[in-house]
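What follows is start31.txt (compact mmCIF, C-alpha atoms and all ligand atoms).
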# COMPACT_ATOMS: atom_id res chain seq x y z
CA MET A 1127 0.00 0.00 0.00
CA GLY A 1128 1.14 3.56 -0.55
CA ASN A 1129 1.56 6.45 1.78
CA HIS A 1130 -0.72 7.45 4.63
CA VAL A 1131 -1.44 10.70 6.39
CA VAL A 1132 -2.98 10.92 9.83
CA ASP A 1133 -4.02 13.71 12.17
CA VAL A 1134 -3.37 12.84 15.82
CA TRP A 1135 -5.17 14.87 18.51
CA TRP A 1136 -4.22 14.69 22.20
CA SER A 1137 -6.31 15.96 25.05
CA ASP A 1138 -6.83 15.09 28.71
CA LEU A 1139 -9.25 15.37 31.59
CA ARG A 1140 -8.26 19.00 32.21
CA ALA A 1141 -10.37 19.79 29.12
CA MET A 1142 -13.50 18.34 30.78
CA ASP A 1143 -16.24 20.92 31.12
CA LEU A 1144 -19.90 20.08 31.58
CA ARG A 1145 -20.73 22.55 28.80
CA LEU A 1146 -19.14 20.03 26.40
CA ARG A 1147 -22.12 17.78 27.05
CA SER A 1148 -24.25 20.07 24.90
CA MET A 1149 -22.14 18.81 21.97
CA LEU A 1150 -23.19 15.18 22.47
CA ASP A 1151 -25.83 13.53 20.32
CA PRO A 1152 -28.74 11.72 22.04
CA VAL A 1153 -27.00 8.33 21.87
CA GLU A 1154 -23.85 9.76 23.44
CA GLU A 1155 -25.90 11.61 26.04
CA ARG A 1156 -27.55 8.35 27.15
CA ARG A 1157 -24.14 6.69 27.37
CA ALA A 1158 -22.78 9.62 29.41
CA ASP A 1159 -25.76 9.33 31.77
CA GLY A 1160 -24.79 5.72 32.48
CA LEU A 1161 -21.20 6.51 33.53
CA ALA A 1162 -20.88 6.55 37.30
CA SER A 1163 -17.34 7.85 37.82
CA ALA A 1164 -16.24 11.39 37.07
CA ALA A 1165 -13.11 10.06 35.33
CA ASP A 1166 -15.12 7.76 33.04
CA LEU A 1167 -17.52 10.59 32.24
CA GLY A 1168 -14.67 13.01 31.54
CA ARG A 1169 -12.81 10.60 29.28
CA PHE A 1170 -15.98 9.78 27.36
CA VAL A 1171 -17.17 13.39 26.95
CA VAL A 1172 -13.75 14.80 26.04
CA GLY A 1173 -13.20 11.88 23.63
CA ALA A 1174 -16.60 12.27 21.97
CA VAL A 1175 -16.28 16.02 21.52
CA LEU A 1176 -12.61 15.87 20.48
CA LEU A 1177 -13.65 13.34 17.83
CA ARG A 1178 -16.21 15.84 16.48
CA VAL A 1179 -13.61 18.60 16.54
CA ALA A 1180 -11.02 16.42 14.76
CA VAL A 1181 -13.48 15.32 12.08
CA ALA A 1182 -14.65 18.91 11.64
CA ALA A 1183 -11.04 20.04 11.18
CA ALA A 1184 -10.49 17.38 8.51
CA THR A 1185 -13.76 17.88 6.63
CA GLY A 1186 -14.62 21.56 7.16
CA GLN A 1187 -17.93 20.68 8.85
CA ASP A 1188 -19.27 22.30 11.98
CA PRO A 1189 -18.40 20.00 14.93
CA ARG A 1190 -22.08 19.83 15.91
CA ALA A 1191 -22.98 18.68 12.39
CA VAL A 1192 -20.61 15.70 12.47
CA SER A 1193 -22.61 12.47 12.53
CA ILE A 1194 -20.99 9.62 14.46
CA ASP A 1195 -22.16 6.04 14.07
CA ARG A 1196 -21.43 3.90 17.13
CA THR A 1197 -23.34 0.80 16.03
CA CYS A 1198 -21.72 -2.34 17.40
CA ASP A 1199 -20.83 -4.90 14.69
CA GLU A 1200 -21.68 -7.74 17.10
CA CYS A 1201 -25.06 -6.75 18.51
CA GLY A 1202 -26.17 -3.51 16.88
CA ASP A 1203 -26.22 -1.56 20.14
CA PRO A 1204 -24.65 1.91 20.04
CA HIS A 1205 -21.44 1.00 21.93
CA GLY A 1206 -19.20 0.08 19.00
CA ARG A 1207 -16.10 1.80 17.72
CA PRO A 1208 -17.08 5.17 16.25
CA ARG A 1209 -17.44 5.51 12.50
CA VAL A 1210 -17.77 8.64 10.40
CA ALA A 1211 -18.81 8.83 6.74
CA GLY A 1212 -15.93 9.60 4.39
CA LEU A 1213 -13.14 9.47 6.98
CA HIS A 1214 -11.49 6.84 9.19
CA VAL A 1215 -11.22 7.55 12.90
CA SER A 1216 -9.85 5.90 16.01
CA VAL A 1217 -10.28 6.93 19.65
CA ALA A 1218 -8.35 5.73 22.72
CA HIS A 1219 -8.13 6.76 26.37
CA ALA A 1220 -5.91 5.84 29.30
CA GLY A 1221 -5.67 7.52 32.69
CA PRO A 1222 -6.26 11.24 32.06
CA LEU A 1223 -5.29 11.01 28.38
CA VAL A 1224 -7.61 11.13 25.38
CA LEU A 1225 -6.29 10.34 21.88
CA VAL A 1226 -8.13 10.74 18.56
CA ALA A 1227 -6.81 9.96 15.07
CA THR A 1228 -8.38 10.78 11.69
CA SER A 1229 -7.15 9.58 8.30
CA PRO A 1230 -8.43 8.94 4.77
CA ASP A 1231 -7.30 5.32 5.37
CA PRO A 1232 -8.28 2.80 8.07
CA VAL A 1233 -6.22 3.78 11.11
CA GLY A 1234 -5.88 2.53 14.68
CA VAL A 1235 -4.44 4.19 17.76
CA ASP A 1236 -4.06 2.95 21.31
CA VAL A 1237 -2.63 4.36 24.53
CA GLU A 1238 -2.06 2.38 27.72
CA ALA A 1239 -0.48 2.93 31.12
CA LEU A 1240 2.96 1.33 31.51
CA ASP A 1241 1.85 -0.22 34.80
CA ARG A 1242 -0.87 -2.15 32.97
CA GLY A 1243 1.37 -5.22 32.75
CA PRO A 1244 4.78 -6.59 31.77
CA ASP A 1245 4.39 -6.30 28.01
CA VAL A 1246 2.48 -3.08 27.46
CA GLU A 1247 4.35 -2.28 24.25
CA THR A 1248 3.21 -5.50 22.57
CA TRP A 1249 -0.32 -4.90 23.81
CA VAL A 1250 -0.43 -1.30 22.52
CA ARG A 1251 0.93 -2.28 19.11
CA GLY A 1252 -1.54 -5.17 18.84
CA GLU A 1253 -4.49 -3.06 19.94
CA ALA A 1254 -3.70 -0.26 17.48
CA THR A 1255 -3.34 -2.86 14.71
CA PHE A 1256 -6.62 -4.50 15.69
CA LYS A 1257 -8.42 -1.17 15.51
CA ALA A 1258 -6.98 -0.47 12.05
CA THR A 1259 -7.42 -3.93 10.54
CA GLY A 1260 -9.63 -6.15 12.73
CA SER A 1261 -6.66 -8.44 13.42
CA ARG A 1262 -3.70 -8.39 15.82
CA ASP A 1263 -1.36 -9.86 13.18
CA LEU A 1264 1.43 -7.31 12.71
CA ALA A 1265 2.76 -8.88 9.47
CA GLY A 1266 2.52 -6.45 6.58
CA ARG A 1267 1.22 -3.69 8.86
CA HIS A 1268 2.76 -0.34 9.58
CA VAL A 1269 2.95 0.13 13.36
CA GLN A 1270 4.84 2.98 14.98
CA PRO A 1271 5.12 4.41 18.50
CA LEU A 1272 3.48 7.78 19.14
CA PRO A 1273 5.11 10.25 21.53
CA VAL A 1274 2.86 10.59 24.59
CA PRO A 1275 2.52 13.95 26.39
CA LEU A 1276 2.60 12.31 29.84
CA HIS A 1277 5.12 10.04 31.58
CA GLY A 1278 4.07 6.49 32.31
CA TYR A 1279 2.09 5.84 29.14
CA LEU A 1280 2.79 4.26 25.74
CA ALA A 1281 0.90 4.86 22.50
CA ALA A 1282 0.99 3.36 19.02
CA LEU A 1283 -0.41 4.10 15.58
CA ALA A 1284 -1.20 1.42 12.97
CA PHE A 1285 -2.16 1.18 9.32
CA ASP A 1286 -2.75 -1.84 7.12
CA GLY A 1287 0.11 -2.18 4.61
CA THR A 1288 3.55 -0.68 4.73
CA GLY A 1289 4.64 2.68 3.38
CA GLU A 1290 5.45 6.18 4.51
CA VAL A 1291 3.24 7.73 7.18
CA GLY A 1292 2.95 11.47 7.70
CA VAL A 1293 1.75 12.28 11.22
CA ILE A 1294 0.30 15.72 11.99
CA THR A 1295 0.16 16.12 15.78
CA HIS A 1296 -2.32 18.45 17.49
CA ASP A 1297 -1.18 18.89 21.08
CA GLN A 1298 -3.29 19.44 24.19
CA ASP A 1299 -3.17 23.23 23.85
CA GLU A 1300 -4.42 23.10 20.27
CA SER A 1301 -7.14 20.63 21.25
CA ALA A 1302 -8.16 22.86 24.17
CA GLU A 1303 -8.50 25.84 21.83
CA ALA A 1304 -10.55 23.82 19.35
CA LEU A 1305 -12.81 22.54 22.16
CA GLU A 1306 -13.27 26.12 23.43
CA ARG A 1307 -14.26 27.27 19.93
CA ALA A 1308 -16.71 24.39 19.63
CA LYS A 1309 -18.31 25.25 23.00
CA ALA A 1310 -18.62 28.88 21.98
CA SER A 1311 -20.43 28.05 18.75
CA SER A 1312 -24.14 28.41 19.37
CA PRO A 1313 -26.13 25.17 19.47
CA GLY A 1314 -28.58 25.04 16.61
CA SER A 1315 -26.38 27.08 14.30
CA ALA A 1316 -25.67 23.87 12.40
CA SER A 1317 -28.23 21.61 10.80
CA PRO A 1318 -28.49 18.18 12.44
ZN ZN A 1401 -22.33 -4.96 21.07

Rewrite the structure from the file as structure tokens, please.
Ligand SMILES: [Zn+2]
Amino acid sequence: MGNHVVDVWWSDLRAMDLRLRSMLDPVEERRADGLASAADLGRFVVGAVLLRVAVAAATGQDPRAVSIDRTCDECGDPHGRPRVAGLHVSVAHAGPLVLVATSPDPVGVDVEALDRGPDVETWVRGEATFKATGSRDLAGRHVQPLPVPLHGYLAALAFDGTGEVGVITHDQDESAEALERAKASSPGSASP
């Protein structure tokens, strides 16, 4: 396979703000309602809104107009990996960190805490590959480490097929600015 480009967005729980919940769609809102811990809620809300912001940046849409399909391949319930028309996306969280990737090609990202177990690197690489391809087989796949903006964590990025990969990184400050802009945009200014 040829070359790939990917936009990688980092954020963290510091970006959590209950006003972000107004950006959620009804399916996401129900899921958020079911999350008991503040950390789980923060990771989910920041991840869901950062995904909208990242897709909006790639497509030129309004973040509120981005439609996210979370249908599970196994059972049809809305808890599957997110899908967006016309773009490939991957979302991961660990500890306070939230990671979103968008690409024209199927892409997978994962981030895990180093204290998760003895072979976190293998796990992270396998998980990113699984998200990109549906298999943990690394043969013929491009897998690379991603620099993580916090000590004690490892992250990886995967594509099916080998080739050059251009990574555009959006750090936590850039994500925070984009989330602020999204919050400031008036609800209802975009068509559903
Ligand atoms: Zn399911």

Which is closer to A:Pro1189 than all the others in A:His1214, A:Arg1169, A:Leu1150, A:Thr1248, using all atoms listed in the file?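 Ranking A:His1214, A:Arg1169, A:Leu1150, A:Thr1248 by distance to A:Pro1189, first place goes to A:Leu1150.
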
Got a sec to check which residues sit within 12 Å of (-1.7, 15.5, 25.0), counting all atoms listed in the file, and write them as a PyMOL selection string? chain A and resi 1134-1141+1176+1219-1226+1237+1272-1277+1279+1281+1295-1302

Rank nothing, just name the residue among A:Arg1190, A:Arg1147, A:Arg1157, A:Arg1207 nearest to ligand ZN 1401 (chain A), using only C-alpha atoms and all ligand atoms.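 Closest candidate: A:Arg1207.
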
Considering all atoms listed in the file, can you say which of A:Asp1263, A:Glu1238, A:Asp1203, A:Glu1247 comes closest to ligand ZN 1401 (chain A)? A:Asp1203

Which one of A:Gly1278, A:Pro1271, A:Gly1212, A:Gly1260 sits closest to A:Ala1184 if you count all atoms listed in the file?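 Going through A:Gly1278, A:Pro1271, A:Gly1212, A:Gly1260 one by one, the smallest distance to A:Ala1184 is for A:Gly1212.
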
Computed interatomic separation between atom CA of A:Pro1152 and atom CA of A:Pro1204 (Å):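 Computing the Euclidean distance for atom CA of A:Pro1152 and atom CA of A:Pro1204 yields 10.8 Å.
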
Environment of ligand ZN 1401 (chain A) within 12 Å, counting only C-alpha atoms and all ligand atoms, reported as a list in words: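 Selection of residues at most 12 Å from ligand ZN 1401 (chain A): Arg1196, Thr1197, Cys1198, Asp1199, Glu1200, Cys1201, Gly1202, Asp1203, Pro1204, His1205, Gly1206 and Arg1207 of chain A.
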
Near A:Ala1182, counting all atoms listed in the file, which residues have an atom at most 12 Å away, once you skip same-chain residues fewer than 2 positions from it, shown as a ChimeraX atom specification? /A:1133,1175-1180,1184-1194,1210-1213,1215,1228,1304-1305,1307-1308
